[in-house]
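File shown here: my_file.pdb, holding PDB, C-alpha atoms, pLDDT in the B column.
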ATOM      1  CA  MET A  40       8.715-119.175-161.407  1.00 91.00           C
ATOM      2  CA  GLU A  41       5.550-120.617-159.914  1.00 96.00           C
ATOM      3  CA  ILE A  42       2.802-118.153-159.049  1.00 95.00           C
ATOM      4  CA  ARG A  43      -0.006-119.437-156.818  1.00 96.00           C
ATOM      5  CA  LEU A  44      -2.685-116.869-157.530  1.00 96.00           C
ATOM      6  CA  ASN A  45      -5.266-118.538-155.285  1.00 93.00           C
ATOM      7  CA  ASP A  46      -2.858-118.150-152.343  1.00 96.00           C
ATOM      8  CA  ILE A  47      -2.709-114.373-152.865  1.00 97.00           C
ATOM      9  CA  PRO A  48      -5.318-112.510-150.781  1.00 97.00           C
ATOM     10  CA  GLU A  49      -8.469-111.656-152.696  1.00 97.00           C
ATOM     11  CA  GLU A  50      -9.381-108.054-153.402  1.00 98.00           C
ATOM     12  CA  ILE A  51     -13.022-107.186-154.105  1.00 98.00           C
ATOM     13  CA  ILE A  52     -13.590-104.244-156.430  1.00 97.00           C
ATOM     14  CA  HIS A  53     -17.062-102.728-156.727  1.00 97.00           C
ATOM     15  CA  ARG A  54     -17.958-101.214-160.109  1.00 97.00           C
ATOM     16  CA  MET A  55     -14.514-101.958-161.615  1.00 97.00           C
ATOM     17  CA  ARG A  56     -13.743 -99.370-164.304  1.00 96.00           C
ATOM     18  CA  ASP A  57     -17.315 -98.065-163.938  1.00 97.00           C
ATOM     19  CA  GLY A  58     -18.776-101.506-164.590  1.00 98.00           C
ATOM     20  CA  GLU A  59     -21.579-103.160-162.640  1.00 98.00           C
ATOM     21  CA  GLY A  60     -21.501-105.326-159.514  1.00 98.00           C
ATOM     22  CA  SER A  61     -18.331-106.802-158.015  1.00 97.00           C
ATOM     23  CA  VAL A  62     -15.110-108.344-159.276  1.00 98.00           C
ATOM     24  CA  HIS A  63     -13.033-110.646-157.068  1.00 98.00           C
ATOM     25  CA  LYS A  64      -9.356-110.395-157.954  1.00 98.00           C
ATOM     26  CA  HIS A  65      -6.177-112.288-157.045  1.00 98.00           C
ATOM     27  CA  THR A  66      -3.175-110.381-158.432  1.00 98.00           C
ATOM     28  CA  PHE A  67       0.540-111.030-158.775  1.00 98.00           C
ATOM     29  CA  GLU A  68       2.429-107.926-159.860  1.00 96.00           C
ATOM     30  CA  ASP A  69       6.078-107.142-160.501  1.00 94.00           C
ATOM     31  CA  ASP A  70       7.965-104.535-162.551  1.00 90.00           C
ATOM     32  CA  TYR A  71       6.967-106.211-165.819  1.00 92.00           C
ATOM     33  CA  ALA A  72       3.406-107.560-165.615  1.00 95.00           C
ATOM     34  CA  ARG A  73       0.165-107.945-163.736  1.00 97.00           C
ATOM     35  CA  ILE A  74      -1.118-111.541-163.679  1.00 98.00           C
ATOM     36  CA  MET A  75      -4.608-112.110-162.284  1.00 98.00           C
ATOM     37  CA  ILE A  76      -7.568-114.344-161.749  1.00 98.00           C
ATOM     38  CA  LEU A  77     -10.698-112.227-162.062  1.00 98.00           C
ATOM     39  CA  THR A  78     -14.102-113.548-160.985  1.00 98.00           C
ATOM     40  CA  LEU A  79     -17.256-111.641-161.853  1.00 98.00           C
ATOM     41  CA  GLU A  80     -20.496-112.419-160.053  1.00 97.00           C
ATOM     42  CA  PRO A  81     -23.595-112.901-162.254  1.00 98.00           C
ATOM     43  CA  GLY A  82     -24.669-109.554-163.707  1.00 97.00           C
ATOM     44  CA  SER A  83     -21.285-107.959-162.961  1.00 98.00           C
ATOM     45  CA  SER A  84     -18.990-106.336-165.513  1.00 98.00           C
ATOM     46  CA  ILE A  85     -15.675-104.590-165.969  1.00 98.00           C
ATOM     47  CA  GLY A  86     -16.418-101.302-167.719  1.00 97.00           C
ATOM     48  CA  MET A  87     -15.135-100.380-171.159  1.00 97.00           C
ATOM     49  CA  HIS A  88     -11.508 -99.235-170.998  1.00 96.00           C
ATOM     50  CA  ALA A  89      -8.609 -98.647-173.385  1.00 95.00           C
ATOM     51  CA  HIS A  90      -5.185-100.293-173.406  1.00 94.00           C
ATOM     52  CA  ASN A  91      -3.137 -97.408-174.782  1.00 91.00           C
ATOM     53  CA  ASP A  92       0.258 -98.384-173.308  1.00 89.00           C
ATOM     54  CA  ASN A  93      -0.128-102.166-173.074  1.00 92.00           C
ATOM     55  CA  TYR A  94      -2.379-105.070-174.055  1.00 95.00           C
ATOM     56  CA  GLU A  95      -4.447-107.658-172.183  1.00 97.00           C
ATOM     57  CA  ILE A  96      -5.163-111.349-172.589  1.00 98.00           C
ATOM     58  CA  PHE A  97      -8.141-113.129-170.956  1.00 96.00           C
ATOM     59  CA  TYR A  98      -8.441-116.921-170.839  1.00 98.00           C
ATOM     60  CA  GLY A  99     -11.788-118.345-169.699  1.00 98.00           C
ATOM     61  CA  ILE A 100     -11.617-120.647-166.669  1.00 98.00           C
ATOM     62  CA  SER A 101     -15.285-121.076-165.694  1.00 98.00           C
ATOM     63  CA  GLY A 102     -18.707-119.553-166.260  1.00 98.00           C
ATOM     64  CA  THR A 103     -20.050-117.754-169.305  1.00 98.00           C
ATOM     65  CA  GLY A 104     -20.183-114.176-170.449  1.00 98.00           C
ATOM     66  CA  LYS A 105     -19.093-111.891-173.225  1.00 98.00           C
ATOM     67  CA  VAL A 106     -16.309-109.523-174.166  1.00 98.00           C
ATOM     68  CA  LEU A 107     -17.133-106.286-175.932  1.00 97.00           C
ATOM     69  CA  CYS A 108     -14.125-105.194-177.984  1.00 95.00           C
ATOM     70  CA  ASP A 109     -14.079-102.267-180.401  1.00 91.00           C
ATOM     71  CA  GLY A 110     -17.821-102.592-180.983  1.00 89.00           C
ATOM     72  CA  ALA A 111     -17.808-106.370-181.512  1.00 95.00           C
ATOM     73  CA  GLU A 112     -19.222-108.943-179.092  1.00 97.00           C
ATOM     74  CA  GLU A 113     -17.308-112.175-178.433  1.00 96.00           C
ATOM     75  CA  PRO A 114     -18.335-115.105-176.210  1.00 97.00           C
ATOM     76  CA  MET A 115     -16.314-115.826-173.061  1.00 98.00           C
ATOM     77  CA  ARG A 116     -16.446-119.357-171.672  1.00 98.00           C
ATOM     78  CA  PRO A 117     -13.943-121.958-170.463  1.00 98.00           C
ATOM     79  CA  GLY A 118     -11.163-122.392-173.015  1.00 98.00           C
ATOM     80  CA  CYS A 119     -11.833-119.123-174.884  1.00 97.00           C
ATOM     81  CA  CYS A 120      -8.939-116.706-175.230  1.00 98.00           C
ATOM     82  CA  HIS A 121      -9.498-112.987-175.809  1.00 97.00           C
ATOM     83  CA  TYR A 122      -6.718-110.612-176.852  1.00 97.00           C
ATOM     84  CA  CYS A 123      -7.158-106.827-176.590  1.00 97.00           C
ATOM     85  CA  PRO A 124      -4.239-105.306-178.537  1.00 95.00           C
ATOM     86  CA  GLN A 125      -2.505-102.100-177.580  1.00 93.00           C
ATOM     87  CA  GLY A 126      -4.559 -99.097-178.678  1.00 94.00           C
ATOM     88  CA  HIS A 127      -7.913-100.919-178.434  1.00 96.00           C
ATOM     89  CA  SER A 128     -10.740-100.976-175.864  1.00 97.00           C
ATOM     90  CA  HIS A 129     -12.719-103.767-174.255  1.00 98.00           C
ATOM     91  CA  SER A 130     -15.138-104.738-171.489  1.00 98.00           C
ATOM     92  CA  LEU A 131     -15.964-108.056-169.796  1.00 98.00           C
ATOM     93  CA  VAL A 132     -19.550-108.966-168.827  1.00 98.00           C
ATOM     94  CA  ASN A 133     -20.864-111.935-166.874  1.00 98.00           C
ATOM     95  CA  SER A 134     -24.133-112.646-168.682  1.00 97.00           C
ATOM     96  CA  GLY A 135     -24.474-116.147-167.197  1.00 97.00           C
ATOM     97  CA  ALA A 136     -26.056-117.543-164.038  1.00 97.00           C
ATOM     98  CA  GLU A 137     -22.765-118.639-162.418  1.00 98.00           C
ATOM     99  CA  PRO A 138     -19.592-116.704-161.523  1.00 98.00           C
ATOM    100  CA  LEU A 139     -17.344-116.000-164.541  1.00 98.00           C
ATOM    101  CA  SER A 140     -13.605-116.534-163.908  1.00 98.00           C
ATOM    102  CA  VAL A 141     -10.803-115.579-166.278  1.00 98.00           C
ATOM    103  CA  PHE A 142      -7.025-115.702-166.119  1.00 98.00           C
ATOM    104  CA  ALA A 143      -5.646-112.322-167.248  1.00 98.00           C
ATOM    105  CA  VAL A 144      -2.194-110.993-168.149  1.00 98.00           C
ATOM    106  CA  ILE A 145      -1.323-107.315-168.646  1.00 97.00           C
ATOM    107  CA  PRO A 146       2.273-106.195-169.235  1.00 94.00           C
ATOM    108  CA  LYS A 147       3.228-102.984-167.437  1.00 88.00           C
ATOM    109  CA  ARG A 148       4.053-101.093-170.614  1.00 69.00           C
ATOM    110  CA  VAL A 149       4.672-101.953-174.216  1.00 61.00           C
ATOM    111  CA  ASP A 150       6.450 -99.466-176.412  1.00 68.00           C
ATOM    112  CA  PRO A 151       4.608 -98.778-179.679  1.00 64.00           C
ATOM    113  CA  PRO A 152       5.888-100.695-182.696  1.00 63.00           C
ATOM    114  CA  ALA A 153       8.576 -98.951-184.751  1.00 68.00           C
ATOM    115  CA  LYS A 154       7.264 -97.371-187.945  1.00 70.00           C
TER     116      LYS A 154
END

Would you mind giving the structure from this file in structure tokens?
Amino acid sequence: MEIRLNDIPEEIIHRMRDGEGSVHKHTFEDDYARIMILTLEPGSSIGMHAHNDNYEIFYGISGTGKVLCDGAEEPMRPGCCHYCPQGHSHSLVNSGAEPLSVFAVIPKRVDPPAK
């Protein structure tokens, strides 16, 4: 199934998850997942948030920034992949001079692993 995210109308979210600035978002969503391109303007961020019922994957497309995950700081740049496992928290920050774009995938819900 081909998904043309750039053909999906853009949504602009101000202070996403209590972050700073604006995030431009193209989202495909069905019963199973949310698939997005997120673009953060310089100085913008997505606030710290937990993934208690799912996980998230970011893949850097353009620009530079950082991911804060469980107290650790990781670089985000083209070609970098960040994984926030279920039960963990993260934030995305554009610390560069250009827009930061990432491809993101979030499943709707993941049942906890069997013990």

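Of note, atom CA of Pro81 of chain A and atom CA of Phe67 of chain A are spaced 24.5 Å apart.
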
| said: With all atoms listed in the file as the counted atoms, please give the residues lying no more than 10 Å from Cys108 of chain A, apart from itself and same-chain residues fewer than 4 positions off, as a list in words. | reply: Met87, His88, Ala89, Glu112, Glu113, His121, Tyr122, Cys123, Pro124, His127, Ser128, His129, Ser130 and Leu131 of chain A

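Minimum atom-to-atom distance to Arg73 of chain A, evaluated using all atoms listed in the file, belongs to A:Asn93 out of A:Gly135, A:Tyr98, A:Asn93, A:Asp46.
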
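Distances from A:Cys120, A:Val106, A:Ile42, A:Leu139 to Ile74 of chain A were compared using all atoms listed in the file, and the smallest one belongs to A:Ile42.
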
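Counting only C-alpha atoms, the residue from A:Phe142, A:Met40, A:Gly126, A:Tyr94 that sits nearest to Thr66 of chain A is A:Phe142.
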
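The space separating atom CA of Pro48 of chain A from atom CA of Gly82 of chain A comes to 23.5 Å.
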
Expand the PyMOL selection byres ((chain A and resi 70) around 10) into the explicit residue set it covers here, and present it as a PDB file with C-alpha atoms, keeping the file's coordinate frame.
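The resulting file, selection-v4.pdb, is reproduced below:
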ATOM      1  CA  GLU A  68       2.429-107.926-159.860  1.00 96.00           C
ATOM      2  CA  ASP A  69       6.078-107.142-160.501  1.00 94.00           C
ATOM      3  CA  TYR A  71       6.967-106.211-165.819  1.00 92.00           C
ATOM      4  CA  ALA A  72       3.406-107.560-165.615  1.00 95.00           C
ATOM      5  CA  ARG A  73       0.165-107.945-163.736  1.00 97.00           C
ATOM      6  CA  PRO A 146       2.273-106.195-169.235  1.00 94.00           C
ATOM      7  CA  LYS A 147       3.228-102.984-167.437  1.00 88.00           C
ATOM      8  CA  ARG A 148       4.053-101.093-170.614  1.00 69.00           C
TER       9      ARG A 148
END

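Each of A:Asn45, A:Met115, A:Asn133, A:Asn91 was compared to Ser61 of chain A using only C-alpha atoms, and A:Asn133 turns out to be the nearest.
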
| query | Distance atom CA of Thr103 of chain A-atom CA of Met75 of chain A, one decimal place? | reply | 17.9 Å

Would you kindly place N, CA and C atoms on segment 81-99 of chain A and return the model as a PDB file, keeping the file's coordinate frame?
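What follows is the written file rebuild-v1.pdb:
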ATOM      1  N   PRO A  81     -22.567-113.071-161.216  1.00 98.00           N
ATOM      2  CA  PRO A  81     -23.595-112.901-162.254  1.00 98.00           C
ATOM      3  C   PRO A  81     -24.104-111.459-162.300  1.00 98.00           C
ATOM      4  N   GLY A  82     -24.220-110.925-163.512  1.00 97.00           N
ATOM      5  CA  GLY A  82     -24.669-109.554-163.707  1.00 97.00           C
ATOM      6  C   GLY A  82     -23.588-108.505-163.549  1.00 97.00           C
ATOM      7  N   SER A  83     -22.390-108.907-163.154  1.00 98.00           N
ATOM      8  CA  SER A  83     -21.285-107.959-162.961  1.00 98.00           C
ATOM      9  C   SER A  83     -20.513-107.749-164.259  1.00 98.00           C
ATOM     10  N   SER A  84     -19.791-106.637-164.321  1.00 98.00           N
ATOM     11  CA  SER A  84     -18.990-106.336-165.513  1.00 98.00           C
ATOM     12  C   SER A  84     -17.781-105.494-165.128  1.00 98.00           C
ATOM     13  N   ILE A  85     -16.799-105.521-166.009  1.00 98.00           N
ATOM     14  CA  ILE A  85     -15.675-104.590-165.969  1.00 98.00           C
ATOM     15  C   ILE A  85     -15.974-103.592-167.077  1.00 98.00           C
ATOM     16  N   GLY A  86     -16.038-102.321-166.744  1.00 97.00           N
ATOM     17  CA  GLY A  86     -16.418-101.302-167.719  1.00 97.00           C
ATOM     18  C   GLY A  86     -15.447-101.186-168.885  1.00 97.00           C
ATOM     19  N   MET A  87     -15.934-100.598-169.952  1.00 97.00           N
ATOM     20  CA  MET A  87     -15.135-100.380-171.159  1.00 97.00           C
ATOM     21  C   MET A  87     -13.915 -99.535-170.804  1.00 97.00           C
ATOM     22  N   HIS A  88     -12.745 -99.975-171.249  1.00 96.00           N
ATOM     23  CA  HIS A  88     -11.508 -99.235-170.998  1.00 96.00           C
ATOM     24  C   HIS A  88     -10.503 -99.511-172.106  1.00 96.00           C
ATOM     25  N   ALA A  89      -9.605 -98.558-172.316  1.00 95.00           N
ATOM     26  CA  ALA A  89      -8.609 -98.647-173.385  1.00 95.00           C
ATOM     27  C   ALA A  89      -7.282 -99.165-172.840  1.00 95.00           C
ATOM     28  N   HIS A  90      -6.557 -99.854-173.705  1.00 94.00           N
ATOM     29  CA  HIS A  90      -5.185-100.293-173.406  1.00 94.00           C
ATOM     30  C   HIS A  90      -4.251 -99.515-174.339  1.00 94.00           C
ATOM     31  N   ASN A  91      -3.953 -98.282-173.938  1.00 91.00           N
ATOM     32  CA  ASN A  91      -3.137 -97.408-174.782  1.00 91.00           C
ATOM     33  C   ASN A  91      -1.649 -97.696-174.677  1.00 91.00           C
ATOM     34  N   ASP A  92      -1.174 -98.159-173.515  1.00 89.00           N
ATOM     35  CA  ASP A  92       0.258 -98.384-173.308  1.00 89.00           C
ATOM     36  C   ASP A  92       0.604 -99.855-173.129  1.00 89.00           C
ATOM     37  N   ASN A  93      -0.368-100.742-173.279  1.00 92.00           N
ATOM     38  CA  ASN A  93      -0.128-102.166-173.074  1.00 92.00           C
ATOM     39  C   ASN A  93      -1.213-102.953-173.797  1.00 92.00           C
ATOM     40  N   TYR A  94      -1.320-104.232-173.502  1.00 95.00           N
ATOM     41  CA  TYR A  94      -2.379-105.070-174.055  1.00 95.00           C
ATOM     42  C   TYR A  94      -2.870-105.974-172.930  1.00 95.00           C
ATOM     43  N   GLU A  95      -3.942-106.730-173.190  1.00 97.00           N
ATOM     44  CA  GLU A  95      -4.447-107.658-172.183  1.00 97.00           C
ATOM     45  C   GLU A  95      -4.914-108.937-172.849  1.00 97.00           C
ATOM     46  N   ILE A  96      -4.704-110.038-172.150  1.00 98.00           N
ATOM     47  CA  ILE A  96      -5.163-111.349-172.589  1.00 98.00           C
ATOM     48  C   ILE A  96      -6.046-111.923-171.487  1.00 98.00           C
ATOM     49  N   PHE A  97      -7.245-112.396-171.859  1.00 96.00           N
ATOM     50  CA  PHE A  97      -8.141-113.129-170.956  1.00 96.00           C
ATOM     51  C   PHE A  97      -8.194-114.573-171.437  1.00 96.00           C
ATOM     52  N   TYR A  98      -8.210-115.512-170.508  1.00 98.00           N
ATOM     53  CA  TYR A  98      -8.441-116.921-170.839  1.00 98.00           C
ATOM     54  C   TYR A  98      -9.542-117.416-169.910  1.00 98.00           C
ATOM     55  N   GLY A  99     -10.641-117.910-170.483  1.00 98.00           N
ATOM     56  CA  GLY A  99     -11.788-118.345-169.699  1.00 98.00           C
ATOM     57  C   GLY A  99     -11.497-119.592-168.877  1.00 98.00           C
TER      58      GLY A  99
END
